[in-house]
>>> print(open('query_7.cif').read())   # mmCIF, C-alpha atoms and all ligand atoms
data_my_file
loop_
_atom_site.label_atom_id
_atom_site.label_comp_id
_atom_site.auth_asym_id
_atom_site.auth_seq_id
_atom_site.Cartn_x
_atom_site.Cartn_y
_atom_site.Cartn_z
CA MET X 163 112.80 101.89 123.44
CA LEU X 164 114.92 101.06 120.43
CA LEU X 165 112.45 102.36 117.90
CA ALA X 166 112.28 105.64 119.77
CA CYS X 167 115.87 106.27 118.73
CA LEU X 168 114.93 105.65 115.13
CA THR X 169 111.99 107.90 114.73
CA ARG X 170 110.93 111.38 115.64
CA GLU X 171 113.43 112.14 118.38
CA VAL X 172 116.41 111.69 116.07
CA TYR X 173 114.73 113.38 113.13
CA PRO X 174 113.28 116.54 114.65
CA GLU X 175 113.34 118.25 111.26
CA LYS X 176 110.80 115.73 109.98
CA ALA X 177 107.40 116.96 110.99
CA GLY X 178 105.61 113.76 109.94
CA PHE X 179 105.67 110.48 111.81
CA THR X 180 106.69 108.21 108.95
CA LEU X 181 110.40 107.49 108.89
CA GLU X 182 111.85 108.12 105.43
CA LEU X 183 114.32 105.47 104.39
CA THR X 184 117.00 105.84 101.74
CA ALA X 185 119.65 103.62 100.19
CA GLU X 186 122.11 105.11 102.70
CA ASN X 187 120.13 104.50 105.89
CA PHE X 188 117.95 101.48 105.02
CA ASN X 189 120.17 98.62 106.23
CA SER X 190 121.58 100.45 109.24
CA THR X 191 118.10 101.51 110.35
CA ILE X 192 116.52 98.09 109.98
CA SER X 193 119.46 96.42 111.71
CA GLN X 194 118.78 98.53 114.81
CA VAL X 195 115.24 97.22 115.14
CA THR X 196 115.03 94.46 117.74
CA SER X 197 114.25 91.07 116.22
CA SER X 198 110.91 90.71 118.04
CA ALA X 199 109.70 94.07 116.67
CA TYR X 200 108.23 94.64 113.20
CA VAL X 201 108.85 96.90 110.26
CA LEU X 202 106.25 98.26 107.83
CA VAL X 203 107.58 99.93 104.69
CA GLU X 204 105.53 101.71 102.06
CA TYR X 205 107.21 102.03 98.67
CA PHE X 206 105.65 104.92 96.77
CA ALA X 207 106.13 107.35 93.92
CA PRO X 208 105.42 111.02 94.60
CA TRP X 209 103.66 111.41 91.23
CA CYS X 210 101.20 108.59 91.88
CA PRO X 211 97.80 110.13 92.77
CA HIS X 212 96.77 107.18 94.89
CA CYS X 213 100.00 107.37 96.85
CA GLN X 214 99.29 111.05 97.46
CA ARG X 215 95.83 110.34 98.78
CA PHE X 216 97.13 107.43 100.80
CA LYS X 217 99.84 109.48 102.48
CA PRO X 218 97.65 110.99 105.21
CA GLN X 219 96.20 107.54 105.88
CA TYR X 220 99.67 106.10 106.27
CA GLU X 221 100.65 108.99 108.54
CA ARG X 222 97.81 108.07 110.89
CA VAL X 223 99.19 104.56 111.19
CA ALA X 224 102.72 105.94 111.61
CA ALA X 225 101.47 108.25 114.37
CA LEU X 226 100.06 105.27 116.24
CA PHE X 227 103.22 103.18 116.08
CA ASN X 228 106.08 105.67 115.85
CA ALA X 229 104.98 108.24 118.45
CA GLU X 230 105.55 107.79 122.17
CA PRO X 231 104.22 105.88 124.02
CA LYS X 232 104.70 103.09 121.51
CA PRO X 233 102.24 100.22 121.59
CA ALA X 234 103.64 96.70 121.92
CA PRO X 235 104.82 94.88 119.92
CA GLU X 236 106.70 97.74 118.32
CA VAL X 237 106.29 98.45 114.62
CA LEU X 238 108.60 100.82 112.82
CA VAL X 239 106.54 102.57 110.14
CA ALA X 240 108.68 103.82 107.28
CA ASN X 241 108.53 104.66 103.61
CA VAL X 242 110.76 104.77 100.54
CA ASP X 243 110.38 107.24 97.67
CA CYS X 244 110.93 105.04 94.63
CA VAL X 245 111.77 107.93 92.31
CA ALA X 246 114.52 109.26 94.55
CA GLN X 247 115.57 105.76 95.67
CA ALA X 248 115.19 103.75 92.49
CA THR X 249 118.00 101.31 93.36
CA LEU X 250 116.47 100.51 96.72
CA CYS X 251 113.08 99.82 95.13
CA LYS X 252 114.73 97.69 92.47
CA ARG X 253 116.31 95.63 95.26
CA PHE X 254 112.82 94.87 96.62
CA ASP X 255 111.43 94.31 93.13
CA ILE X 256 108.78 97.00 93.52
CA LYS X 257 106.72 97.06 90.33
CA SER X 258 103.69 99.11 91.37
CA TYR X 259 102.84 101.88 93.79
CA PRO X 260 102.05 101.93 96.58
CA THR X 261 103.46 98.58 97.70
CA MET X 262 103.71 97.84 101.40
CA LEU X 263 105.91 95.19 102.95
CA PHE X 264 105.66 94.02 106.53
CA GLY X 265 107.73 91.70 108.68
CA HIS X 266 110.44 91.31 111.28
CA PRO X 267 113.68 93.12 110.50
CA GLU X 268 115.34 89.96 109.18
CA ASN X 269 112.58 89.68 106.56
CA PHE X 270 113.97 92.83 104.95
CA ALA X 271 117.41 91.34 104.38
CA GLY X 272 118.45 90.95 100.76
CA ASP X 273 115.51 91.36 98.40
CA GLY X 274 112.93 91.21 101.22
CA LYS X 275 111.14 88.25 99.70
CA HIS X 276 110.26 86.94 103.17
CA ALA X 277 108.38 90.11 104.07
CA ALA X 278 104.59 89.95 103.69
CA LYS X 279 102.87 92.14 101.11
CA VAL X 280 100.01 94.15 102.60
CA PRO X 281 97.02 93.52 100.31
CA HIS X 282 96.14 96.44 98.04
CA LYS X 283 92.64 96.71 99.37
CA GLU X 284 94.04 97.75 102.75
CA ASN X 285 94.46 101.29 101.52
CA SER X 286 92.81 103.21 104.32
CA ALA X 287 94.28 103.73 107.78
CA GLU X 288 91.43 101.65 109.24
CA GLY X 289 91.86 98.83 106.73
CA MET X 290 95.58 98.71 107.23
CA LEU X 291 95.30 98.75 111.01
CA LYS X 292 92.75 95.94 110.90
CA TRP X 293 95.21 93.90 108.83
CA LEU X 294 98.07 94.74 111.23
CA ASN X 295 95.95 93.99 114.31
CA GLU X 296 95.14 90.54 112.93
CA ARG X 297 98.82 89.87 112.33
CA LEU X 298 99.90 91.25 115.69
CA GLY X 299 97.02 89.73 117.68
CA GLN X 300 96.21 93.22 119.01
CA ASN X 301 93.32 95.61 119.07
CA HIS X 302 95.08 98.92 118.54
CA GLN X 303 92.94 101.96 117.79
CA LEU X 304 93.80 104.94 115.65
CA SER X 305 93.88 108.34 117.25
CA THR X 306 90.90 110.49 116.39
CA ASP X 307 93.19 113.51 116.43
CA THR X 308 93.81 114.21 112.78
CA THR X 309 95.61 117.51 113.25
CA TYR X 310 99.07 116.10 113.91
CA GLY X 311 101.85 115.91 111.42
CA HIS X 312 102.83 118.35 108.74
CA THR X 313 102.47 115.78 105.97
CA TYR X 314 99.03 114.85 107.19
CA ASN X 315 97.94 118.46 107.18
CA GLU X 316 99.51 119.41 103.90
CA LEU X 317 98.04 116.54 101.95
CA GLY X 318 95.02 115.73 104.05
CA GLU X 319 93.74 119.29 104.11
CA GLY X 320 94.95 120.20 100.66
CA LEU X 321 93.20 117.29 99.06
CA LYS X 322 90.02 117.79 101.01
CA GLU X 323 89.35 121.02 99.20
CA SER X 324 88.47 119.51 95.87
CA PRO X 325 86.38 116.34 96.27
CA PRO X 326 82.98 116.46 94.68
CA GLU X 327 80.16 115.34 96.94
CA ARG X 328 79.63 111.62 96.97
CA GLY X 329 76.63 110.38 95.08
CA LYS X 330 76.54 113.46 92.84
CA SER X 331 77.33 113.19 89.18
CA PRO X 332 80.97 113.92 88.41
CA ALA X 333 81.92 117.52 88.19
CA PRO X 334 82.86 118.31 84.60
CA ALA X 335 86.61 118.35 84.21
CA VAL X 336 88.24 121.75 84.32
CA PHE X 337 89.33 121.66 80.74
CA ASN X 338 91.44 124.30 79.14
CA THR X 339 90.75 124.37 75.46
CA ARG X 340 94.39 125.34 74.98
CA VAL X 341 96.76 122.44 75.23
CA ASP X 342 99.92 123.20 77.17
CA LEU X 343 102.57 121.75 74.85
CA PRO X 344 105.52 122.08 77.26
CA ASP X 345 103.46 120.03 79.76
CA VAL X 346 102.67 117.49 77.05
CA GLU X 347 106.36 117.25 76.24
CA LYS X 348 107.35 116.93 79.88
CA ALA X 349 104.83 114.11 80.38
CA THR X 350 106.23 112.37 77.27
CA ILE X 351 109.79 112.52 78.59
CA LEU X 352 108.71 111.42 82.06
CA SER X 353 106.75 108.51 80.59
CA PHE X 354 110.14 107.08 79.59
CA GLU X 355 112.02 108.21 82.66
CA TYR X 356 109.55 106.58 85.03
CA MET X 357 109.38 103.33 83.09
CA PHE X 358 113.14 103.06 83.54
CA THR X 359 113.30 104.17 87.19
CA GLY X 360 110.39 101.80 87.87
CA GLU X 361 112.40 98.96 86.26
CA LEU X 362 109.51 98.23 83.92
CA VAL X 363 111.55 97.99 80.74
CA VAL X 364 111.81 94.23 80.99
CA ALA X 365 111.57 91.44 78.42
CA HIS X 366 107.79 90.88 78.56
CA ASN X 367 107.12 94.60 78.13
CA ARG X 368 108.82 94.95 74.75
CA ARG X 369 105.57 94.84 72.82
CA PRO X 370 103.80 97.55 74.87
CA PHE X 371 106.97 99.62 74.61
CA VAL X 372 106.91 99.37 70.82
CA GLU X 373 103.20 100.21 70.68
CA TRP X 374 103.72 103.29 72.81
CA VAL X 375 106.69 104.52 70.74
CA GLN X 376 104.80 103.83 67.50
CA LEU X 377 101.90 105.92 68.73
CA LEU X 378 104.22 108.79 69.66
CA ALA X 379 106.01 108.54 66.31
CA LYS X 380 102.71 108.90 64.46
CA THR X 381 100.66 111.28 66.56
CA HIS X 382 102.83 113.37 68.89
CA PRO X 383 102.04 117.05 68.36
CA LEU X 384 105.70 118.11 68.61
CA PRO X 385 107.89 117.33 65.58
CA ARG X 386 110.98 116.74 67.75
CA CYS X 387 109.18 114.08 69.83
CA ARG X 388 107.85 112.44 66.67
CA ALA X 389 111.37 112.47 65.19
CA GLY X 390 112.93 111.08 68.40
CA SER X 391 110.34 108.30 68.49
CA LYS X 392 110.85 107.45 64.83
CA SER X 393 114.62 107.16 65.18
CA LEU X 394 114.14 105.10 68.34
CA LEU X 395 111.96 102.69 66.35
CA ALA X 396 114.57 102.58 63.59
CA GLU X 397 117.29 101.56 66.06
CA LEU X 398 115.15 99.43 68.31
CA ASP X 399 116.24 96.04 67.04
CA VAL X 400 119.78 96.96 68.05
CA LEU X 401 118.84 98.68 71.32
CA TRP X 402 116.39 95.99 72.34
CA PRO X 403 116.60 92.87 70.16
CA ARG X 404 113.37 91.22 69.11
CA TYR X 405 113.96 87.69 70.36
CA ASN X 406 112.09 86.36 73.38
CA GLY X 407 113.58 87.31 76.71
CA SER X 408 116.00 89.88 75.32
CA THR X 409 117.02 92.70 77.62
CA PRO X 410 117.43 96.30 76.48
CA SER X 411 120.84 97.87 76.07
CA PRO X 412 121.79 100.55 78.63
CA ARG X 413 121.79 103.00 75.70
CA LEU X 414 117.98 102.77 75.58
CA ARG X 415 117.85 104.15 79.12
CA THR X 416 119.49 107.38 78.03
CA TRP X 417 117.50 107.81 74.81
CA ARG X 418 116.18 111.36 74.60
CA VAL X 419 112.83 110.90 73.01
CA CYS X 420 112.23 114.63 72.52
CA GLY X 421 115.89 115.57 72.49
CA LYS X 422 115.70 116.99 76.02
CA GLN X 423 116.11 115.74 79.58
CA ALA X 424 113.21 116.07 81.98
CA ASP X 425 115.11 118.15 84.49
CA ALA X 426 116.05 120.55 81.69
CA LEU X 427 112.37 121.30 81.20
CA ARG X 428 110.54 124.07 82.91
CA GLU X 429 108.16 123.53 85.81
CA TRP X 430 104.68 122.26 85.10
CA GLY X 431 102.50 124.94 83.55
CA SER X 432 98.77 124.17 83.32
CA CYS X 433 99.47 120.99 85.27
CA LYS X 434 101.12 122.72 88.19
CA GLY X 435 99.40 121.64 91.39
CA SER X 436 98.61 123.70 94.44
CA LEU X 437 100.92 121.33 96.34
CA SER X 438 104.31 120.32 94.98
CA VAL X 439 103.30 116.67 94.68
CA THR X 440 99.83 117.03 93.20
CA ARG X 441 98.76 117.16 89.53
CA GLY X 442 102.02 117.24 87.55
CA TYR X 443 102.72 113.93 85.83
CA SER X 444 99.22 112.38 86.02
CA CYS X 445 97.65 115.60 84.72
CA GLY X 446 100.32 115.83 81.99
CA LEU X 447 99.61 112.25 80.95
CA TRP X 448 95.91 112.96 80.48
CA MET X 449 96.78 115.95 78.37
CA LEU X 450 99.18 113.83 76.35
CA PHE X 451 96.56 111.11 75.79
CA HIS X 452 93.99 113.70 74.66
CA THR X 453 96.51 115.33 72.35
CA LEU X 454 97.59 112.05 70.79
CA ALA X 455 93.93 111.23 70.11
CA ALA X 456 93.41 114.62 68.52
CA HIS X 457 96.47 114.17 66.28
CA SER X 458 95.58 110.64 65.19
CA ALA X 459 94.85 109.88 61.55
CA ALA X 460 91.13 109.78 60.67
CA ASP X 461 91.18 105.98 60.91
CA GLY X 462 93.77 105.88 63.71
CA GLY X 463 91.44 105.34 66.70
CA ALA X 464 92.22 101.66 67.16
CA MET X 465 95.95 102.29 67.04
CA TRP X 466 95.60 105.10 69.58
CA MET X 467 93.60 102.84 71.89
CA GLU X 468 96.17 100.06 71.60
CA GLY X 469 99.09 102.40 72.33
CA VAL X 470 97.48 104.10 75.32
CA ARG X 471 96.14 100.85 76.79
CA SER X 472 99.53 99.19 76.42
CA PHE X 473 101.28 102.13 78.01
CA VAL X 474 98.96 102.27 81.02
CA SER X 475 98.96 98.53 81.45
CA ALA X 476 102.74 98.09 81.32
CA PHE X 477 104.16 101.43 82.41
CA PHE X 478 101.71 103.45 84.49
CA ASN X 479 102.37 101.66 87.72
CA CYS X 480 100.15 103.60 90.09
CA ASN X 481 98.11 100.59 91.17
CA GLU X 482 94.53 101.75 91.42
CA CYS X 483 94.72 104.32 88.63
CA ARG X 484 95.85 101.58 86.29
CA THR X 485 93.11 99.22 87.43
CA HIS X 486 90.36 101.81 86.99
CA PHE X 487 91.62 102.88 83.60
CA LEU X 488 92.02 99.34 82.29
CA GLU X 489 88.53 98.40 83.46
CA GLN X 490 87.24 101.04 81.06
CA ALA X 491 89.72 100.32 78.30
CA THR X 492 88.49 96.75 78.02
CA THR X 493 84.75 97.43 77.78
CA GLU X 494 82.67 96.84 74.64
CA ASP X 495 82.66 100.60 74.03
CA ALA X 496 86.44 100.66 74.09
CA LYS X 497 86.58 97.81 71.58
CA LYS X 498 84.46 99.90 69.19
CA VAL X 499 87.04 102.69 69.03
CA GLN X 500 88.19 102.74 65.39
CA THR X 501 88.31 106.32 64.18
CA LYS X 502 89.98 109.45 65.48
CA ARG X 503 86.56 110.77 66.48
CA ASP X 504 85.85 107.60 68.47
CA ALA X 505 89.18 108.00 70.25
CA VAL X 506 88.62 111.66 71.13
CA MET X 507 85.12 110.97 72.43
CA TRP X 508 86.15 107.86 74.35
CA MET X 509 88.99 109.79 75.95
CA TRP X 510 86.66 112.56 77.10
CA ALA X 511 84.17 110.10 78.56
CA THR X 512 86.86 108.05 80.28
CA HIS X 513 88.62 111.06 81.71
CA ASN X 514 85.33 112.31 83.16
CA ASN X 515 84.61 108.88 84.51
CA VAL X 516 87.95 108.68 86.31
CA ARG X 517 87.10 112.00 87.88
CA ALA X 518 83.86 110.55 89.22
CA PRO X 519 83.66 110.40 93.01
CA ARG X 520 83.62 106.60 93.10
CA HIS X 521 87.04 106.54 91.52
CA LEU X 522 88.64 109.58 92.97
CA TYR X 523 87.65 109.64 96.57
CA VAL X 524 86.19 106.37 97.74
CA SER X 525 88.98 103.92 97.13
CA ILE X 526 91.46 105.80 99.30
C1 LIG X 601 95.46 106.79 83.38
C2 LIG X 601 95.13 107.52 84.66
C3 LIG X 601 94.25 106.96 85.57
C4 LIG X 601 93.96 107.62 86.76
N1 LIG X 601 93.09 107.04 87.65
C5 LIG X 601 92.83 107.64 88.82
C6 LIG X 601 91.93 107.05 89.76
O1 LIG X 601 91.38 106.00 89.53
N2 LIG X 601 91.72 107.70 90.93
C7 LIG X 601 92.34 108.89 91.21
O2 LIG X 601 92.15 109.43 92.29
N3 LIG X 601 93.16 109.49 90.33
C8 LIG X 601 93.42 108.89 89.14
N4 LIG X 601 94.27 109.48 88.24
C9 LIG X 601 94.76 110.82 88.52
C10 LIG X 601 93.67 111.87 88.27
O3 LIG X 601 92.86 111.53 87.17
C11 LIG X 601 94.23 113.24 87.97
O4 LIG X 601 95.18 113.14 86.94
C12 LIG X 601 94.87 113.91 89.14
O5 LIG X 601 94.07 113.79 90.28
C13 LIG X 601 95.05 115.38 88.83
O6 LIG X 601 93.76 115.93 88.52
P1 LIG X 601 93.54 117.31 87.80
O7 LIG X 601 92.38 118.00 88.42
O8 LIG X 601 94.84 117.99 87.77
O9 LIG X 601 93.08 117.09 86.31
P2 LIG X 601 93.26 115.88 85.35
O10 LIG X 601 92.04 115.05 85.46
O11 LIG X 601 94.57 115.27 85.57
O12 LIG X 601 93.24 116.61 83.91
C14 LIG X 601 94.47 117.09 83.36
C15 LIG X 601 94.28 118.10 82.30
O13 LIG X 601 93.90 117.46 81.09
C16 LIG X 601 93.53 118.48 80.22
N5 LIG X 601 92.47 118.06 79.30
C17 LIG X 601 91.27 117.61 79.59
N6 LIG X 601 90.58 117.33 78.49
C18 LIG X 601 91.38 117.62 77.46
C19 LIG X 601 91.26 117.55 76.06
N7 LIG X 601 90.14 117.12 75.49
N8 LIG X 601 92.31 117.90 75.30
C20 LIG X 601 93.43 118.32 75.88
N9 LIG X 601 93.62 118.41 77.20
C21 LIG X 601 92.61 118.07 77.99
C22 LIG X 601 93.06 119.65 81.06
O14 LIG X 601 93.92 120.75 80.86
C23 LIG X 601 93.19 119.13 82.48
O15 LIG X 601 93.54 120.16 83.36
C24 LIG X 601 94.59 108.85 87.05
C25 LIG X 601 95.49 109.42 86.13
C26 LIG X 601 95.76 108.76 84.95
C27 LIG X 601 96.72 109.39 83.97
#
>>> encode(input="query_7.cif", output="structure tokens")
Amino acid sequence: MLLACLTREVYPEKAGFTLELTAENFNSTISQVTSSAYVLVEYFAPWCPHCQRFKPQYERVAALFNAEPKPAPEVLVANVDCVAQATLCKRFDIKSYPTMLFGHPENFAGDGKHAAKVPHKENSAEGMLKWLNERLGQNHQLSTDTTYGHTYNELGEGLKESPPERGKSPAPAVFNTRVDLPDVEKATILSFEYMFTGELVVAHNRRPFVEWVQLLAKTHPLPRCRAGSKSLLAELDVLWPRYNGSTPSPRLRTWRVCGKQADALREWGSCKGSLSVTRGYSCGLWMLFHTLAAHSAADGGAMWMEGVRSFVSAFFNCNECRTHFLEQATTEDAKKVQTKRDAVMWMWATHNNVRAPRHLYVSI
């Protein structure tokens, strides 16, 4: 009864079933959930490809629990956009996307450390429901009706258009030979913005930060981004002292690596997706990685590899993307990357590999 007030009926403008939580409504919403009921919250970033593919799966679970008649015990299924609600995600110490927390309402008090983390492998509606059923001692079934919910349709149908058939060799990437420099620049700026909104600029990430900035300073195709990276390196010992455990100064947060702010940049060009949330940043990052490889010095392959691997490992916090990429970046082939040519070729092969069906469409 109580959860009914919190979900669709009160939010008729929301076509999906997942309740969107914000810093303003989080505490008041959770405090209205009866103590015997449960709360499931997904913390996501709209740019994270795995979060995008997961969204329709999550909607199916939300449809089961948030729509009337609600199964018992009640579970409020909600989500938080960690780009729009960075402070809220910081409060729950969210370091990678998607992260799902589950528990009684009181488990979400303070930093939510008493809420259970849903294991990453539970990234399909079926897997997640199995995990929830075990916890709840229930045998709930998902609806087979997959037509409900605007978010389900938009993403579920939109994303169904492109998958290559399973078992077939990966479709060659749709590569423009022309690099879209404004997209490359936008991805560069966002690479910093998201590491700050994701609260990833923390003591143990100083080294990867330096390696990323060094790579940009040496190989970025745009002189203004190279210059911004070089002056950042020159001031770094002041902005983020070298000693163990040092924290960066707030001035680092507002550093304009290319002299521009992300929201001052135009919309995505070649990386514009058919849906507002698709392509964009992840596409721009690939283009940036390719471009950095192409602008490396003849013997700069190892440095490129180090910078890109460090960046992905410390600052690209879309869970499964990072895992898949790092699996490849630690192979024997990756260790052999020494020259610019090695880097360019490795990048091509890896990009194609990530586009392979086993990576793109099986895991979620
Ligand atoms: C590190 C990383 C790991 C990822 N891992 C996964 C994963 O495991 N599973 C998953 O589903 N998604 C993953 N993604 C997201 C996924 O790869 C795509 O970025 C996303 O789905 C958008 O795909 P896309 O078709 O727009 O093209 P993308 O694959 O994003 O390609 C972007 C653009 O790169 C450009 N490009 C290609 N080659 C070159 C070149 N040689 N020089 C210059 N530019 C070039 C092309 O213009 C192309 O359109 C990952 C993204 C990143 C950055």
>>> closest_atom_pairs(input="query_7.cif", of="chain X", to="ligand LIG 601 (chain X)", cutoff="8 Å", atoms="all atoms listed in the file", output="Markdown table")
| residue | atom | partner | partner_atom | distance |
| --- | --- | --- | --- | --- |
| X:Cys210 | CA | X:LIG601 | C9 | 7.6 |
| X:Pro211 | CA | X:LIG601 | C9 | 5.3 |
| X:His212 | CA | X:LIG601 | O2 | 5.8 |
| X:Arg215 | CA | X:LIG601 | O2 | 7.5 |
| X:Ala335 | CA | X:LIG601 | O10 | 6.5 |
| X:Val336 | CA | X:LIG601 | O15 | 5.6 |
| X:Phe337 | CA | X:LIG601 | C22 | 4.2 |
| X:Asn338 | CA | X:LIG601 | O14 | 4.7 |
| X:Thr339 | CA | X:LIG601 | C20 | 6.6 |
| X:Arg340 | CA | X:LIG601 | C20 | 7.1 |
| X:Val341 | CA | X:LIG601 | C20 | 5.3 |
| X:Asp342 | CA | X:LIG601 | O14 | 7.5 |
| X:Ser432 | CA | X:LIG601 | O14 | 6.4 |
| X:Cys433 | CA | X:LIG601 | O8 | 6.1 |
| X:Lys434 | CA | X:LIG601 | O8 | 7.9 |
| X:Gly435 | CA | X:LIG601 | O8 | 6.9 |
| X:Thr440 | CA | X:LIG601 | C13 | 6.7 |
| X:Arg441 | CA | X:LIG601 | C13 | 4.2 |
| X:Gly442 | CA | X:LIG601 | O8 | 7.2 |
| X:Tyr443 | CA | X:LIG601 | O4 | 7.7 |
| X:Ser444 | CA | X:LIG601 | O4 | 4.2 |
| X:Cys445 | CA | X:LIG601 | O11 | 3.2 |
| X:Gly446 | CA | X:LIG601 | C14 | 6.1 |
| X:Leu447 | CA | X:LIG601 | C27 | 5.1 |
| X:Trp448 | CA | X:LIG601 | O13 | 5.0 |
| X:Met449 | CA | X:LIG601 | N9 | 4.2 |
| X:Leu450 | CA | X:LIG601 | N9 | 7.3 |
| X:Phe451 | CA | X:LIG601 | C20 | 7.9 |
| X:His452 | CA | X:LIG601 | N8 | 4.6 |
| X:Thr453 | CA | X:LIG601 | C20 | 5.6 |
| X:Ala456 | CA | X:LIG601 | N8 | 7.6 |
| X:Val474 | CA | X:LIG601 | C1 | 6.2 |
| X:Phe478 | CA | X:LIG601 | C1 | 7.2 |
| X:Glu482 | CA | X:LIG601 | O1 | 5.6 |
| X:Cys483 | CA | X:LIG601 | N1 | 3.3 |
| X:Arg484 | CA | X:LIG601 | C3 | 5.7 |
| X:Thr485 | CA | X:LIG601 | O1 | 7.3 |
| X:His486 | CA | X:LIG601 | O1 | 5.0 |
| X:Phe487 | CA | X:LIG601 | C3 | 5.2 |
| X:Val506 | CA | X:LIG601 | N7 | 7.2 |
| X:Met509 | CA | X:LIG601 | N7 | 7.4 |
| X:Trp510 | CA | X:LIG601 | N7 | 6.0 |
| X:His513 | CA | X:LIG601 | O10 | 6.5 |
| X:Asn514 | CA | X:LIG601 | O10 | 7.6 |
| X:Val516 | CA | X:LIG601 | O1 | 5.4 |
| X:Arg517 | CA | X:LIG601 | O3 | 5.8 |
| X:His521 | CA | X:LIG601 | O1 | 4.8 |
| X:Leu522 | CA | X:LIG601 | O2 | 3.6 |
| X:Tyr523 | CA | X:LIG601 | O2 | 6.2 |
| X:Ser525 | CA | X:LIG601 | N2 | 7.8 |
| X:Ile526 | CA | X:LIG601 | O2 | 7.9 |
>>> residues_near_point(input="query_7.cif", point="(109.8, 98.0, 88.2)", cutoff="10 Å", atoms="all atoms listed in the file", output="mmCIF file with C-alpha atoms, in the frame of the given file")
data_model
loop_
_atom_site.group_PDB
_atom_site.id
_atom_site.type_symbol
_atom_site.label_atom_id
_atom_site.label_comp_id
_atom_site.auth_asym_id
_atom_site.auth_seq_id
_atom_site.Cartn_x
_atom_site.Cartn_y
_atom_site.Cartn_z
ATOM 1 C CA CYS X 244 110.930 105.040 94.630
ATOM 2 C CA ALA X 248 115.190 103.750 92.490
ATOM 3 C CA CYS X 251 113.080 99.820 95.130
ATOM 4 C CA LYS X 252 114.730 97.690 92.470
ATOM 5 C CA ARG X 253 116.310 95.630 95.260
ATOM 6 C CA PHE X 254 112.820 94.870 96.620
ATOM 7 C CA ASP X 255 111.430 94.310 93.130
ATOM 8 C CA ILE X 256 108.780 97.000 93.520
ATOM 9 C CA LYS X 257 106.720 97.060 90.330
ATOM 10 C CA SER X 258 103.690 99.110 91.370
ATOM 11 C CA TYR X 259 102.840 101.880 93.790
ATOM 12 C CA TYR X 356 109.550 106.580 85.030
ATOM 13 C CA MET X 357 109.380 103.330 83.090
ATOM 14 C CA PHE X 358 113.140 103.060 83.540
ATOM 15 C CA THR X 359 113.300 104.170 87.190
ATOM 16 C CA GLY X 360 110.390 101.800 87.870
ATOM 17 C CA GLU X 361 112.400 98.960 86.260
ATOM 18 C CA LEU X 362 109.510 98.230 83.920
ATOM 19 C CA VAL X 363 111.550 97.990 80.740
ATOM 20 C CA VAL X 364 111.810 94.230 80.990
ATOM 21 C CA ALA X 476 102.740 98.090 81.320
ATOM 22 C CA PHE X 477 104.160 101.430 82.410
ATOM 23 C CA ASN X 479 102.370 101.660 87.720
#
>>> closest_residue(input="query_7.cif", among="X:Thr381, X:Gln303, X:Gln490, X:Thr191", to="Val239 of chain X", atoms="only C-alpha atoms")
X:Thr191
>>> atom_distance(input="query_7.cif", atom1="atom CA of Ala464 of chain X", atom2="atom CA of Val346 of chain X")
21.4 Å
>>> residues_around(input="query_7.cif", residues="Leu377 of chain X", least_positions_apart="3", cutoff="12 Å", atoms="only C-alpha atoms", output="number ranges by chain")
X: 350, 370-374, 380-383, 387-388, 391-392, 395, 450-451, 453-455, 457-459, 462-473
>>> atom_distance(input="query_7.cif", atom1="atom CA of Ala505 of chain X", atom2="atom CA of Ala396 of chain X")
26.8 Å
>>> atom_distance(input="query_7.cif", atom1="atom CA of Pro412 of chain X", atom2="atom CA of Ala365 of chain X")
13.7 Å
>>> closest_residue(input="query_7.cif", among="X:Thr261, X:Arg386, X:Asn241, X:Ser475", to="Asn367 of chain X", atoms="all atoms listed in the file")
X:Ser475
>>> closest_residue(input="query_7.cif", among="X:Asn285, X:Ala234, X:Val223, X:Leu427", to="Thr306 of chain X", atoms="only C-alpha atoms")
X:Val223
>>> closest_residue(input="query_7.cif", among="X:Val203, X:Pro233, X:Val245, X:Pro410", to="Asn301 of chain X", atoms="all atoms listed in the file")
X:Pro233
>>> residues_around(input="query_7.cif", residues="Ala277 of chain X", least_positions_apart="4", cutoff="9 Å", atoms="all atoms listed in the file", output="PyMOL selection string")
chain X and resi 263-270
>>> residues_near_point(input="query_7.cif", point="(116.0, 106.1, 105.8)", cutoff="12 Å", atoms="all atoms listed in the file", output="PyMOL selection string")
chain X and resi 168-169+172-173+176+180-193+203-204+238-243+246-247+250
>>> residues_around(input="query_7.cif", residues="Trp417 of chain X", least_positions_apart="4", cutoff="10 Å", atoms="only C-alpha atoms", output="MDAnalysis selection string")
chainID X and resid 351 354:355 390:391 394 401 412:413 421:423
